[in-house]
file query18.txt (compact mmCIF, C-alpha atoms)
# COMPACT_ATOMS: atom_id res chain seq x y z
CA MET A 1 15.59 -57.12 35.29
CA ALA A 2 12.76 -58.65 33.32
CA SER A 3 10.19 -57.45 35.86
CA LYS A 4 11.63 -53.90 35.76
CA LEU A 5 11.42 -53.87 31.97
CA SER A 6 7.89 -55.14 32.19
CA LYS A 7 6.92 -52.23 34.47
CA VAL A 8 8.57 -49.73 32.14
CA GLN A 9 6.78 -51.23 29.19
CA LYS A 10 3.45 -51.12 30.99
CA ARG A 11 3.98 -47.51 32.04
CA SER A 12 4.95 -46.60 28.44
CA LEU A 13 1.83 -48.24 27.09
CA VAL A 14 -0.33 -46.28 29.53
CA GLU A 15 1.42 -43.02 28.64
CA LEU A 16 1.09 -43.69 24.92
CA ASP A 17 -2.61 -44.36 25.31
CA LEU A 18 -3.22 -41.03 27.05
CA ILE A 19 -4.04 -39.57 23.64
CA SER A 20 -6.76 -42.18 23.12
CA ASN A 21 -8.28 -41.21 26.46
CA LEU A 22 -8.60 -37.56 25.51
CA PRO A 23 -12.14 -36.23 24.95
CA GLU A 24 -13.55 -36.94 21.50
CA ASP A 25 -13.61 -33.29 20.45
CA VAL A 26 -9.91 -33.00 21.29
CA ARG A 27 -9.09 -36.09 19.21
CA GLN A 28 -11.12 -34.60 16.36
CA LYS A 29 -9.09 -31.42 16.60
CA ILE A 30 -5.85 -33.40 16.39
CA LEU A 31 -7.00 -35.04 13.17
CA THR A 32 -7.85 -31.69 11.55
CA TYR A 33 -4.10 -31.05 11.27
CA LEU A 34 -3.59 -34.17 9.14
CA PRO A 35 -4.19 -34.67 5.41
CA ILE A 36 -7.48 -36.42 4.76
CA GLU A 37 -5.96 -39.82 3.92
CA GLU A 38 -3.79 -39.87 7.06
CA ALA A 39 -6.78 -38.92 9.20
CA GLY A 40 -8.65 -41.87 7.67
CA ARG A 41 -5.82 -44.27 8.49
CA THR A 42 -6.17 -43.57 12.23
CA SER A 43 -9.23 -45.83 12.21
CA ILE A 44 -6.91 -48.85 12.56
CA LEU A 45 -5.22 -47.58 15.76
CA SER A 46 -7.85 -48.79 18.20
CA ARG A 47 -11.58 -49.05 18.79
CA LYS A 48 -11.65 -45.49 20.19
CA TRP A 49 -10.18 -44.10 16.99
CA ARG A 50 -12.21 -46.18 14.54
CA TYR A 51 -14.84 -43.57 13.67
CA ILE A 52 -13.27 -40.31 14.81
CA TRP A 53 -12.16 -39.46 11.25
CA ALA A 54 -15.77 -39.70 10.05
CA SER A 55 -16.89 -36.73 12.13
CA ILE A 56 -13.97 -34.26 12.03
CA PRO A 57 -15.25 -30.82 10.96
CA GLU A 58 -12.14 -29.80 8.98
CA LEU A 59 -10.71 -31.70 6.02
CA LYS A 60 -7.43 -31.14 4.15
CA VAL A 61 -6.77 -32.56 0.69
CA PHE A 62 -3.25 -32.22 -0.73
CA SER A 63 -1.65 -33.08 -4.06
CA GLY A 64 -1.29 -36.83 -4.37
CA SER A 65 -4.47 -37.66 -2.49
CA SER A 66 -6.58 -40.31 -4.14
CA SER A 67 -9.79 -38.81 -5.50
CA ASN A 68 -11.55 -42.15 -4.82
CA LEU A 69 -10.43 -42.04 -1.20
CA VAL A 70 -11.67 -38.46 -0.82
CA ASP A 71 -15.00 -39.52 -2.36
CA THR A 72 -15.28 -42.35 0.16
CA ILE A 73 -14.47 -40.17 3.16
CA LEU A 74 -16.94 -37.49 2.09
CA LEU A 75 -19.62 -40.14 1.48
CA LEU A 76 -19.15 -41.76 4.89
CA HIS A 77 -18.71 -38.52 6.81
CA ASN A 78 -21.50 -38.21 9.36
CA GLY A 79 -21.15 -34.66 10.67
CA PRO A 80 -20.88 -31.08 9.41
CA ILE A 81 -17.83 -30.16 7.34
CA LEU A 82 -17.07 -26.61 8.39
CA LYS A 83 -13.71 -26.22 6.63
CA PHE A 84 -12.35 -27.78 3.45
CA ASP A 85 -8.83 -27.05 2.18
CA LEU A 86 -7.76 -28.30 -1.24
CA ILE A 87 -4.19 -27.83 -2.50
CA ALA A 88 -3.71 -29.54 -5.85
CA GLN A 89 -1.21 -29.50 -8.70
CA ASN A 90 -3.80 -30.36 -11.32
CA SER A 91 -7.50 -29.98 -11.84
CA PHE A 92 -9.72 -33.08 -11.70
CA HIS A 93 -12.92 -31.41 -12.82
CA GLU A 94 -15.38 -34.26 -12.24
CA ALA A 95 -13.99 -35.06 -8.79
CA PHE A 96 -13.98 -31.40 -7.78
CA ASP A 97 -17.62 -31.10 -8.87
CA ARG A 98 -18.58 -34.06 -6.69
CA TRP A 99 -16.80 -32.58 -3.70
CA ILE A 100 -18.44 -29.18 -4.09
CA ILE A 101 -21.86 -30.81 -4.32
CA ASN A 102 -21.15 -32.83 -1.17
CA LEU A 103 -19.83 -29.81 0.74
CA SER A 104 -22.91 -27.76 -0.18
CA ARG A 105 -24.96 -30.24 1.86
CA ASN A 106 -22.71 -30.18 4.94
CA GLY A 107 -22.76 -26.60 6.21
CA ILE A 108 -19.36 -25.58 4.78
CA ARG A 109 -18.07 -22.28 6.21
CA GLU A 110 -14.47 -22.01 5.00
CA LEU A 111 -13.55 -23.17 1.50
CA THR A 112 -10.10 -23.22 -0.15
CA PHE A 113 -9.54 -24.39 -3.73
CA ASN A 114 -5.85 -23.69 -4.33
CA ILE A 115 -4.93 -25.22 -7.70
CA ASP A 116 -1.26 -24.63 -8.39
CA SER A 117 -1.48 -24.78 -12.17
CA SER A 118 -2.20 -21.92 -14.53
CA ASN A 119 -3.53 -24.43 -17.08
CA ALA A 120 -6.07 -25.93 -14.69
CA ASN A 121 -8.96 -23.55 -15.42
CA TYR A 122 -11.43 -25.42 -13.25
CA MET A 123 -14.93 -23.99 -13.64
CA MET A 124 -16.31 -23.86 -10.13
CA HIS A 125 -19.55 -25.81 -9.81
CA SER A 126 -22.65 -23.67 -9.46
CA LYS A 127 -23.50 -25.47 -6.18
CA LEU A 128 -20.90 -23.21 -4.58
CA PHE A 129 -23.49 -20.44 -4.66
CA SER A 130 -25.92 -22.46 -2.57
CA CYS A 131 -23.46 -22.65 0.36
CA ASP A 132 -25.31 -20.07 2.44
CA GLU A 133 -23.13 -20.47 5.55
CA LEU A 134 -19.79 -19.63 3.88
CA ASN A 135 -17.77 -16.99 5.71
CA SER A 136 -14.41 -17.47 3.92
CA ILE A 137 -13.55 -18.31 0.29
CA TYR A 138 -10.08 -18.75 -1.27
CA LEU A 139 -9.94 -19.61 -4.98
CA ASN A 140 -6.73 -19.90 -7.03
CA ASN A 141 -6.62 -20.74 -10.76
CA CYS A 142 -10.34 -21.30 -11.14
CA SER A 143 -13.10 -19.89 -13.32
CA LEU A 144 -16.31 -18.52 -11.89
CA LYS A 145 -19.71 -17.85 -13.40
CA VAL A 146 -22.11 -16.08 -11.08
CA PRO A 147 -25.68 -17.35 -11.60
CA ASP A 148 -28.34 -14.79 -12.40
CA GLU A 149 -30.42 -15.98 -9.46
CA PHE A 150 -27.53 -15.61 -6.97
CA LYS A 151 -28.72 -13.68 -3.90
CA GLY A 152 -25.34 -13.30 -2.22
CA PHE A 153 -23.20 -14.80 0.53
CA LYS A 154 -24.82 -13.09 3.49
CA LEU A 155 -22.24 -14.33 6.05
CA LEU A 156 -19.05 -14.05 3.99
CA HIS A 157 -16.34 -11.88 5.60
CA THR A 158 -13.18 -13.00 3.69
CA LEU A 159 -12.83 -13.34 -0.10
CA ARG A 160 -9.50 -14.14 -1.78
CA LEU A 161 -9.50 -14.53 -5.56
CA ILE A 162 -6.15 -15.38 -7.15
CA ARG A 163 -5.83 -15.73 -10.94
CA LEU A 164 -9.56 -16.15 -11.17
CA LYS A 165 -11.20 -16.04 -14.59
CA ILE A 166 -14.29 -13.89 -14.18
CA SER A 167 -15.85 -10.93 -15.95
CA GLU A 168 -15.71 -7.48 -14.37
CA GLY A 169 -19.51 -7.34 -14.16
CA GLU A 170 -19.68 -10.66 -12.33
CA ILE A 171 -16.94 -9.79 -9.88
CA GLU A 172 -18.71 -6.52 -9.07
CA LYS A 173 -21.93 -8.46 -8.51
CA LEU A 174 -20.17 -11.02 -6.32
CA ILE A 175 -18.56 -8.38 -4.10
CA SER A 176 -21.66 -6.23 -3.76
CA SER A 177 -23.66 -9.34 -2.80
CA CYS A 178 -21.54 -9.93 0.31
CA PRO A 179 -22.81 -7.30 2.80
CA LEU A 180 -20.51 -8.41 5.66
CA LEU A 181 -17.32 -8.61 3.57
CA LYS A 182 -14.31 -7.33 5.56
CA LYS A 183 -11.24 -8.71 3.75
CA LEU A 184 -10.88 -8.77 -0.04
CA THR A 185 -7.94 -9.91 -2.18
CA LEU A 186 -7.94 -9.60 -5.98
CA LEU A 187 -4.68 -10.85 -7.43
CA TYR A 188 -4.38 -11.15 -11.22
CA SER A 189 -8.14 -11.73 -11.31
CA VAL A 190 -9.12 -8.68 -13.36
CA SER A 191 -7.09 -6.67 -15.86
CA ASN A 192 -7.47 -3.87 -18.37
CA CYS A 193 -10.96 -3.17 -17.14
CA THR A 194 -13.13 -0.62 -15.43
CA LEU A 195 -13.83 -1.88 -11.93
CA SER A 196 -16.14 -0.51 -9.28
CA ILE A 197 -16.02 -2.01 -5.79
CA ASP A 198 -18.95 -1.33 -3.48
CA ALA A 199 -18.35 -2.88 -0.05
CA PRO A 200 -19.81 -0.94 2.89
CA ASN A 201 -18.11 -3.03 5.62
CA LEU A 202 -14.77 -3.72 3.94
CA LEU A 203 -11.73 -3.20 6.21
CA THR A 204 -8.80 -4.57 4.15
CA LEU A 205 -8.30 -4.55 0.38
CA PHE A 206 -5.37 -6.08 -1.53
CA MET A 207 -5.39 -5.52 -5.31
CA TYR A 208 -2.86 -6.38 -8.01
CA GLY A 209 -3.53 -5.74 -11.68
CA THR A 210 -4.08 -3.24 -14.47
CA PHE A 211 -7.14 -1.03 -14.49
CA THR A 212 -8.42 1.50 -16.98
CA HIS A 213 -10.54 2.95 -14.24
CA LEU A 214 -10.97 2.05 -10.59
CA LYS A 215 -13.60 3.26 -8.16
CA LEU A 216 -13.70 2.27 -4.51
CA CYS A 217 -16.72 2.82 -2.32
CA ALA A 218 -15.67 1.39 1.03
CA PRO A 219 -16.28 3.94 3.78
CA LYS A 220 -14.90 1.69 6.54
CA LEU A 221 -11.72 0.64 4.72
CA ARG A 222 -8.66 0.88 6.97
CA SER A 223 -5.95 -0.84 4.93
CA LEU A 224 -5.41 -0.57 1.16
CA HIS A 225 -2.67 -2.41 -0.79
CA LEU A 226 -2.76 -1.26 -4.41
CA PHE A 227 -0.25 -2.81 -6.83
CA LEU A 228 -0.44 -1.34 -10.32
CA GLU A 229 1.07 -3.03 -13.37
CA ASP A 230 2.51 -0.92 -16.16
CA ASN A 231 0.00 0.03 -18.84
CA PRO A 232 0.53 3.38 -20.58
CA GLU A 233 -2.98 3.21 -21.98
CA HIS A 234 -4.82 3.16 -18.68
CA ASN A 235 -6.64 6.28 -17.60
CA MET A 236 -5.67 6.53 -13.94
CA SER A 237 -4.09 9.98 -14.13
CA LYS A 238 -6.15 12.72 -12.46
CA ASN A 239 -8.10 9.87 -10.91
CA LEU A 240 -6.48 9.58 -7.49
CA GLU A 241 -9.25 11.38 -5.68
CA ARG A 242 -11.93 9.28 -7.38
CA VAL A 243 -10.06 6.11 -6.38
CA ILE A 244 -9.63 6.87 -2.70
CA GLY A 245 -12.22 9.60 -2.26
CA ASN A 246 -14.62 7.33 -0.35
CA LEU A 247 -12.04 6.09 2.16
CA PRO A 248 -12.41 8.56 5.05
CA VAL A 249 -10.95 6.33 7.82
CA LEU A 250 -8.01 4.83 5.91
CA GLU A 251 -5.11 4.05 8.29
CA SER A 252 -2.64 2.16 6.09
CA LEU A 253 -1.92 2.79 2.40
CA HIS A 254 0.49 0.74 0.28
CA ILE A 255 0.88 1.81 -3.35
CA HIS A 256 3.28 -0.07 -5.59
CA GLY A 257 4.10 0.76 -9.17
CA PHE A 258 3.84 3.56 -11.71
CA LEU A 259 2.88 6.45 -9.49
CA GLU A 260 3.10 8.85 -12.41
CA TYR A 261 -0.29 7.62 -13.61
CA LEU A 262 -1.84 8.60 -10.28
CA CYS A 263 -0.22 12.01 -10.15
CA VAL A 264 -2.44 15.03 -9.64
CA GLU A 265 -2.17 17.62 -12.42
CA PRO A 266 -0.78 20.20 -12.48
CA LEU A 267 2.31 19.06 -10.58
CA ARG A 268 2.58 20.14 -6.93
CA GLU A 269 -1.13 20.81 -6.73
CA ARG A 270 -2.51 19.79 -3.35
CA LEU A 271 -5.05 17.04 -2.96
CA SER A 272 -8.46 18.31 -1.92
CA LEU A 273 -8.69 15.29 0.40
CA THR A 274 -7.18 14.98 3.86
CA PHE A 275 -6.48 11.55 5.32
CA ASN A 276 -6.78 12.38 8.99
CA HIS A 277 -6.53 8.72 10.03
CA LEU A 278 -3.64 7.67 7.81
CA LYS A 279 -0.82 6.42 10.05
CA CYS A 280 1.21 4.14 7.75
CA LEU A 281 2.29 4.83 4.17
CA ILE A 282 4.28 2.43 1.96
CA ILE A 283 5.27 3.48 -1.56
CA VAL A 284 7.72 2.59 -4.30
CA LEU A 285 9.26 5.84 -5.53
CA ASN A 286 11.54 6.90 -8.35
CA PHE A 287 13.25 9.98 -6.93
CA GLU A 288 14.61 10.95 -10.33
CA THR A 289 11.21 11.80 -11.85
CA GLU A 290 9.31 14.95 -10.96
CA LYS A 291 5.90 13.33 -11.43
CA GLU A 292 6.47 10.61 -8.85
CA SER A 293 8.12 13.01 -6.41
CA ALA A 294 5.17 15.39 -6.81
CA PHE A 295 2.74 12.54 -6.15
CA ALA A 296 4.61 11.57 -2.98
CA LEU A 297 4.56 15.19 -1.80
CA SER A 298 0.81 15.43 -2.39
CA LEU A 299 0.31 12.32 -0.23
CA PHE A 300 2.47 13.73 2.57
CA GLN A 301 0.51 16.99 2.46
CA GLY A 302 -2.76 15.10 2.77
CA ALA A 303 -1.68 12.91 5.69
CA PRO A 304 -1.03 15.22 8.66
CA HIS A 305 -0.97 12.38 11.21
CA LEU A 306 1.44 10.05 9.43
CA GLU A 307 3.52 8.00 11.89
CA SER A 308 5.28 5.41 9.72
CA LEU A 309 6.78 5.87 6.25
CA HIS A 310 8.30 3.07 4.16
CA VAL A 311 9.84 3.90 0.76
CA ASP A 312 11.30 1.38 -1.66
CA VAL A 313 13.72 3.26 -3.91
CA ASP A 314 13.14 2.58 -7.61
CA SER A 315 15.75 4.85 -9.16
CA ASP A 316 18.09 3.42 -11.79
CA GLU A 317 19.64 6.61 -13.13
CA ARG A 318 20.79 9.88 -11.58
CA SER A 319 19.24 13.14 -12.74
CA THR A 320 19.72 16.87 -12.22
CA LEU A 321 16.29 17.14 -10.61
CA LYS A 322 16.26 19.23 -7.42
CA PHE A 323 12.67 18.63 -6.37
CA TRP A 324 13.06 18.18 -2.60
CA GLU A 325 15.37 21.16 -2.27
CA THR A 326 12.53 23.45 -3.34
CA VAL A 327 9.85 22.10 -0.97
CA ASP A 328 8.84 24.62 1.71
CA ARG A 329 10.17 23.44 5.07
CA LYS A 330 7.65 25.63 6.90
CA GLU A 331 4.81 23.24 6.03
CA ASN A 332 5.78 20.90 8.88
CA LEU A 333 4.60 17.87 6.92
CA PHE A 334 5.94 15.27 9.33
CA LYS A 335 4.84 16.53 12.74
CA HIS A 336 3.85 13.03 13.94
CA LEU A 337 6.30 10.88 11.95
CA GLN A 338 8.13 8.38 14.16
CA THR A 339 9.72 5.75 11.91
CA VAL A 340 11.11 5.85 8.36
CA MET A 341 12.49 3.01 6.25
CA LEU A 342 14.24 3.50 2.89
CA ARG A 343 15.07 0.26 1.08
CA TYR A 344 17.34 -0.32 -1.92
CA PHE A 345 19.15 2.95 -1.24
CA ILE A 346 21.57 4.24 -3.88
CA VAL A 347 23.81 7.32 -3.88
CA SER A 348 21.71 10.13 -5.30
CA ASN A 349 21.48 13.82 -4.50
CA ASN A 350 17.69 13.62 -4.71
CA ILE A 351 17.50 10.80 -2.17
CA LEU A 352 19.96 12.46 0.19
CA THR A 353 18.01 15.71 -0.05
CA PHE A 354 14.80 13.81 0.73
CA ILE A 355 16.39 12.28 3.83
CA LYS A 356 17.61 15.69 4.91
CA PHE A 357 14.10 17.07 4.39
CA ILE A 358 12.61 14.40 6.66
CA LEU A 359 15.19 14.86 9.40
CA GLU A 360 14.57 18.61 9.44
CA SER A 361 10.76 18.26 9.41
CA ALA A 362 10.03 15.42 11.87
CA PRO A 363 10.22 16.57 15.52
CA GLN A 364 9.00 13.20 16.88
CA LEU A 365 11.17 10.97 14.71
CA LEU A 366 12.65 7.98 16.53
CA SER A 367 14.44 6.13 13.75
CA LEU A 368 15.38 6.51 10.10
CA THR A 369 16.59 3.22 8.66
CA VAL A 370 18.47 3.15 5.37
CA GLU A 371 18.82 -0.29 3.78
CA GLU A 372 21.40 -0.22 1.02
CA ASP A 373 21.20 -1.74 -2.42
CA PRO A 374 22.94 -5.19 -2.45
CA GLU A 375 25.47 -3.91 -5.01
CA TYR A 376 26.58 -1.06 -2.77
CA GLU A 377 30.32 -0.50 -2.31
CA GLU A 378 31.84 -0.36 1.19
CA ASP A 379 33.57 2.97 0.51
CA ASP A 380 30.30 4.54 -0.67
CA ARG A 381 28.60 3.38 2.53
CA THR A 382 31.13 5.15 4.71
CA ILE A 383 30.88 8.40 2.74
CA VAL A 384 27.08 8.44 2.77
CA LEU A 385 26.88 7.57 6.46
CA LYS A 386 29.11 10.54 7.29
CA GLN A 387 26.83 12.81 5.26
CA LEU A 388 23.72 11.52 7.00
CA LEU A 389 25.21 12.06 10.44
CA LEU A 390 25.90 15.72 9.58
CA PHE A 391 22.26 16.50 8.71
CA ARG A 392 20.37 18.61 11.25
CA ARG A 393 17.64 16.74 13.11
CA ALA A 394 14.43 18.27 14.42
CA SER A 395 14.06 15.35 16.84
CA PRO A 396 16.66 14.92 19.60
CA ASN A 397 15.75 11.21 19.77
CA ALA A 398 16.17 10.43 16.07
CA GLN A 399 18.54 7.57 15.30
CA ILE A 400 19.99 6.88 11.86
CA ILE A 401 20.40 3.18 11.17
CA PHE A 402 22.39 2.18 8.09
CA LYS A 403 22.11 -1.46 6.99
call {"tool": "encode", "arguments": {"input": "query18.txt", "output": "structure tokens"}}
result
Amino acid sequence: MASKLSKVQKRSLVELDLISNLPEDVRQKILTYLPIEEAGRTSILSRKWRYIWASIPELKVFSGSSSNLVDTILLLHNGPILKFDLIAQNSFHEAFDRWIINLSRNGIRELTFNIDSSNANYMMHSKLFSCDELNSIYLNNCSLKVPDEFKGFKLLHTLRLIRLKISEGEIEKLISSCPLLKKLTLLYSVSNCTLSIDAPNLLTLFMYGTFTHLKLCAPKLRSLHLFLEDNPEHNMSKNLERVIGNLPVLESLHIHGFLEYLCVEPLRERLSLTFNHLKCLIIVLNFETEKESAFALSLFQGAPHLESLHVDVDSDERSTLKFWETVDRKENLFKHLQTVMLRYFIVSNNILTFIKFILESAPQLLSLTVEEDPEYEEDDRTIVLKQLLLFRRASPNAQIIFK
């Protein structure tokens, strides 16, 4: 029995040590999934693991990590550091400065400084701007001052700025100095300002904030997520065409919030632009206001190849408005529409008329999904479902799904 156990134990030891016998680059890759202090502790496992941590190209620093330990690992690291991820609850300004300086000497390509504290206000060290090989930057709850001598991040393709303290002039300079930029996120980073974005190779843009004026020059942009906060003083009305006028190949458009400020005047006037490539449209719409309904109609008229429509209902009160009943059905607005989703549905003549309008105008429709408001009554659901099933459908394949 003892000999059998001995064989089992020997076989187990061999199997356990298979990881140690993997190629060095594979062992390095394994350590990139560990926080920096845990990767450092692997040095005590065996002789083969002793110095692996000192050459891994990706480092992760989480809240609770000792700044002294991080200093030591960065000091003893003997290879390039291609990726550095920091997730911290607080800002340790002096330590962060040391790390940025060290990373600027090690060929950093992907940098994340995610500080989960609105009071942190870490001023990013100017050495960041000497990291010429950066291709991805993620900054959260930091401040940024762009040096006058900054020549740009020539290789940067992804820029995510969350709650960043920066002037509008500097953010415009930063963006325009990244000629290969493809993905841009600006979340709570600019507000109540006039912003002009010039990015010739940009493909995806995600923006959340308040703007007095917004101009986009991104001729290759394919996906735009625009979240507007309420500000009755901003001057976005009559400005829709100036905002998206330089987006000729846009395929996906997501607009959230206060559509009345984007409405074209006078109401029901067509846009002079046609989005021939727009396939997906996501909007939040108050069906009880004529301005927002008119804005939605103008978008539908300008998107003849629309395939997917997602509408979040933002209607609190019922009105006597009969907007969708008066729209000309002969326009054939939805010739290519295949899927429709309406979320937070409530019982409203305007919403029901809109659904009827879609069903009658979409010959290729496959599904229309209605997701009810959580406070919906069971009896109301049955009544509405019966009404929906009675509506005429231009598409023989159209299914109505009620959730």
call {"tool": "residues_around", "arguments": {"input": "query18.txt", "residues": "Ile282 (chain A)", "least_positions_apart": "6", "cutoff": "7 Å", "atoms": "only C-alpha atoms", "output": "VMD selection string"}}
result
chain A and resid 253 to 255 309 to 311
call {"tool": "residues_around", "arguments": {"input": "query18.txt", "residues": "Leu103 (chain A)", "least_positions_apart": "3", "cutoff": "9 Å", "atoms": "all atoms listed in the file", "output": "ChimeraX atom specification"}}
result
/A:74,80-82,84,98-100,106-108,127-128,131
call {"tool": "residues_around", "arguments": {"input": "query18.txt", "residues": "Ile283 (chain A)", "least_positions_apart": "6", "cutoff": "12 Å", "atoms": "all atoms listed in the file", "output": "ChimeraX atom specification"}}
result
/A:224-228,252-259,292-293,295-297,299-300,308-314,340-343
call {"tool": "residues_around", "arguments": {"input": "query18.txt", "residues": "region 350-365 of chain A", "least_positions_apart": "6", "cutoff": "10 Å", "atoms": "all atoms listed in the file", "output": "PDB file with C-alpha atoms, keeping the file's coordinate frame"}}
result
ATOM      1  CA  ASN A 286      11.540   6.900  -8.350  1.00  0.00           C
ATOM      2  CA  PHE A 287      13.250   9.980  -6.930  1.00  0.00           C
ATOM      3  CA  GLU A 288      14.610  10.950 -10.330  1.00  0.00           C
ATOM      4  CA  THR A 289      11.210  11.800 -11.850  1.00  0.00           C
ATOM      5  CA  SER A 293       8.120  13.010  -6.410  1.00  0.00           C
ATOM      6  CA  GLU A 307       3.520   8.000  11.890  1.00  0.00           C
ATOM      7  CA  SER A 308       5.280   5.410   9.720  1.00  0.00           C
ATOM      8  CA  VAL A 313      13.720   3.260  -3.910  1.00  0.00           C
ATOM      9  CA  SER A 315      15.750   4.850  -9.160  1.00  0.00           C
ATOM     10  CA  ARG A 318      20.790   9.880 -11.580  1.00  0.00           C
ATOM     11  CA  SER A 319      19.240  13.140 -12.740  1.00  0.00           C
ATOM     12  CA  THR A 320      19.720  16.870 -12.220  1.00  0.00           C
ATOM     13  CA  LEU A 321      16.290  17.140 -10.610  1.00  0.00           C
ATOM     14  CA  LYS A 322      16.260  19.230  -7.420  1.00  0.00           C
ATOM     15  CA  PHE A 323      12.670  18.630  -6.370  1.00  0.00           C
ATOM     16  CA  TRP A 324      13.060  18.180  -2.600  1.00  0.00           C
ATOM     17  CA  GLU A 325      15.370  21.160  -2.270  1.00  0.00           C
ATOM     18  CA  VAL A 327       9.850  22.100  -0.970  1.00  0.00           C
ATOM     19  CA  ASP A 328       8.840  24.620   1.710  1.00  0.00           C
ATOM     20  CA  ARG A 329      10.170  23.440   5.070  1.00  0.00           C
ATOM     21  CA  LYS A 330       7.650  25.630   6.900  1.00  0.00           C
ATOM     22  CA  GLU A 331       4.810  23.240   6.030  1.00  0.00           C
ATOM     23  CA  ASN A 332       5.780  20.900   8.880  1.00  0.00           C
ATOM     24  CA  LEU A 333       4.600  17.870   6.920  1.00  0.00           C
ATOM     25  CA  PHE A 334       5.940  15.270   9.330  1.00  0.00           C
ATOM     26  CA  LYS A 335       4.840  16.530  12.740  1.00  0.00           C
ATOM     27  CA  HIS A 336       3.850  13.030  13.940  1.00  0.00           C
ATOM     28  CA  LEU A 337       6.300  10.880  11.950  1.00  0.00           C
ATOM     29  CA  GLN A 338       8.130   8.380  14.160  1.00  0.00           C
ATOM     30  CA  THR A 339       9.720   5.750  11.910  1.00  0.00           C
ATOM     31  CA  VAL A 340      11.110   5.850   8.360  1.00  0.00           C
ATOM     32  CA  LEU A 342      14.240   3.500   2.890  1.00  0.00           C
ATOM     33  CA  VAL A 384      27.080   8.440   2.770  1.00  0.00           C
ATOM     34  CA  GLN A 387      26.830  12.810   5.260  1.00  0.00           C
ATOM     35  CA  LEU A 388      23.720  11.520   7.000  1.00  0.00           C
ATOM     36  CA  LEU A 390      25.900  15.720   9.580  1.00  0.00           C
ATOM     37  CA  PHE A 391      22.260  16.500   8.710  1.00  0.00           C
ATOM     38  CA  ARG A 392      20.370  18.610  11.250  1.00  0.00           C
ATOM     39  CA  ARG A 393      17.640  16.740  13.110  1.00  0.00           C
ATOM     40  CA  ALA A 394      14.430  18.270  14.420  1.00  0.00           C
ATOM     41  CA  SER A 395      14.060  15.350  16.840  1.00  0.00           C
ATOM     42  CA  PRO A 396      16.660  14.920  19.600  1.00  0.00           C
ATOM     43  CA  ASN A 397      15.750  11.210  19.770  1.00  0.00           C
ATOM     44  CA  ALA A 398      16.170  10.430  16.070  1.00  0.00           C
ATOM     45  CA  GLN A 399      18.540   7.570  15.300  1.00  0.00           C
ATOM     46  CA  ILE A 400      19.990   6.880  11.860  1.00  0.00           C
TER      47      ILE A 400
END
call {"tool": "atom_distance", "arguments": {"input": "query18.txt", "atom1": "CA of Pro200 (chain A)", "atom2": "CA of Lys151 (chain A)"}}
result
17.0 Å
call {"tool": "closest_residue", "arguments": {"input": "query18.txt", "among": "A:Ser65, A:Lys173, A:Asp373, A:Ser223", "to": "Lys403 (chain A)", "atoms": "only C-alpha atoms"}}
result
A:Asp373
call {"tool": "atom_distance", "arguments": {"input": "query18.txt", "atom1": "CA of Cys178 (chain A)", "atom2": "CA of Leu86 (chain A)"}}
result
23.0 Å
call {"tool": "atom_distance", "arguments": {"input": "query18.txt", "atom1": "CA of Ser167 (chain A)", "atom2": "CA of Asn121 (chain A)"}}
result
14.4 Å
call {"tool": "closest_atom_pairs", "arguments": {"input": "query18.txt", "of": "region 73-134 of chain A", "to": "region 152-161 of chain A", "cutoff": "9 Å", "atoms": "only C-alpha atoms", "output": "Markdown table"}}
result
| residue | atom | partner | partner_atom | distance |
| --- | --- | --- | --- | --- |
| A:Arg109 | CA | A:Leu156 | CA | 8.6 |
| A:Phe129 | CA | A:Phe153 | CA | 7.7 |
| A:Ser130 | CA | A:Phe153 | CA | 8.7 |
| A:Cys131 | CA | A:Phe153 | CA | 7.9 |
| A:Asp132 | CA | A:Phe153 | CA | 6.0 |
| A:Glu133 | CA | A:Leu155 | CA | 6.2 |
| A:Leu134 | CA | A:Leu156 | CA | 5.6 |
call {"tool": "closest_residue", "arguments": {"input": "query18.txt", "among": "A:Val284, A:Leu180, A:Ile171, A:Ile101", "to": "Leu75 (chain A)", "atoms": "only C-alpha atoms"}}
result
A:Ile101
call {"tool": "residues_around", "arguments": {"input": "query18.txt", "residues": "Ile197 (chain A)", "least_positions_apart": "3", "cutoff": "7 Å", "atoms": "all atoms listed in the file", "output": "NGL selection string"}}
result
:A and (172 or 215-217)
call {"tool": "closest_residue", "arguments": {"input": "query18.txt", "among": "A:Leu59, A:Ala88, A:Leu139, A:Leu76", "to": "Asp116 (chain A)", "atoms": "only C-alpha atoms"}}
result
A:Ala88
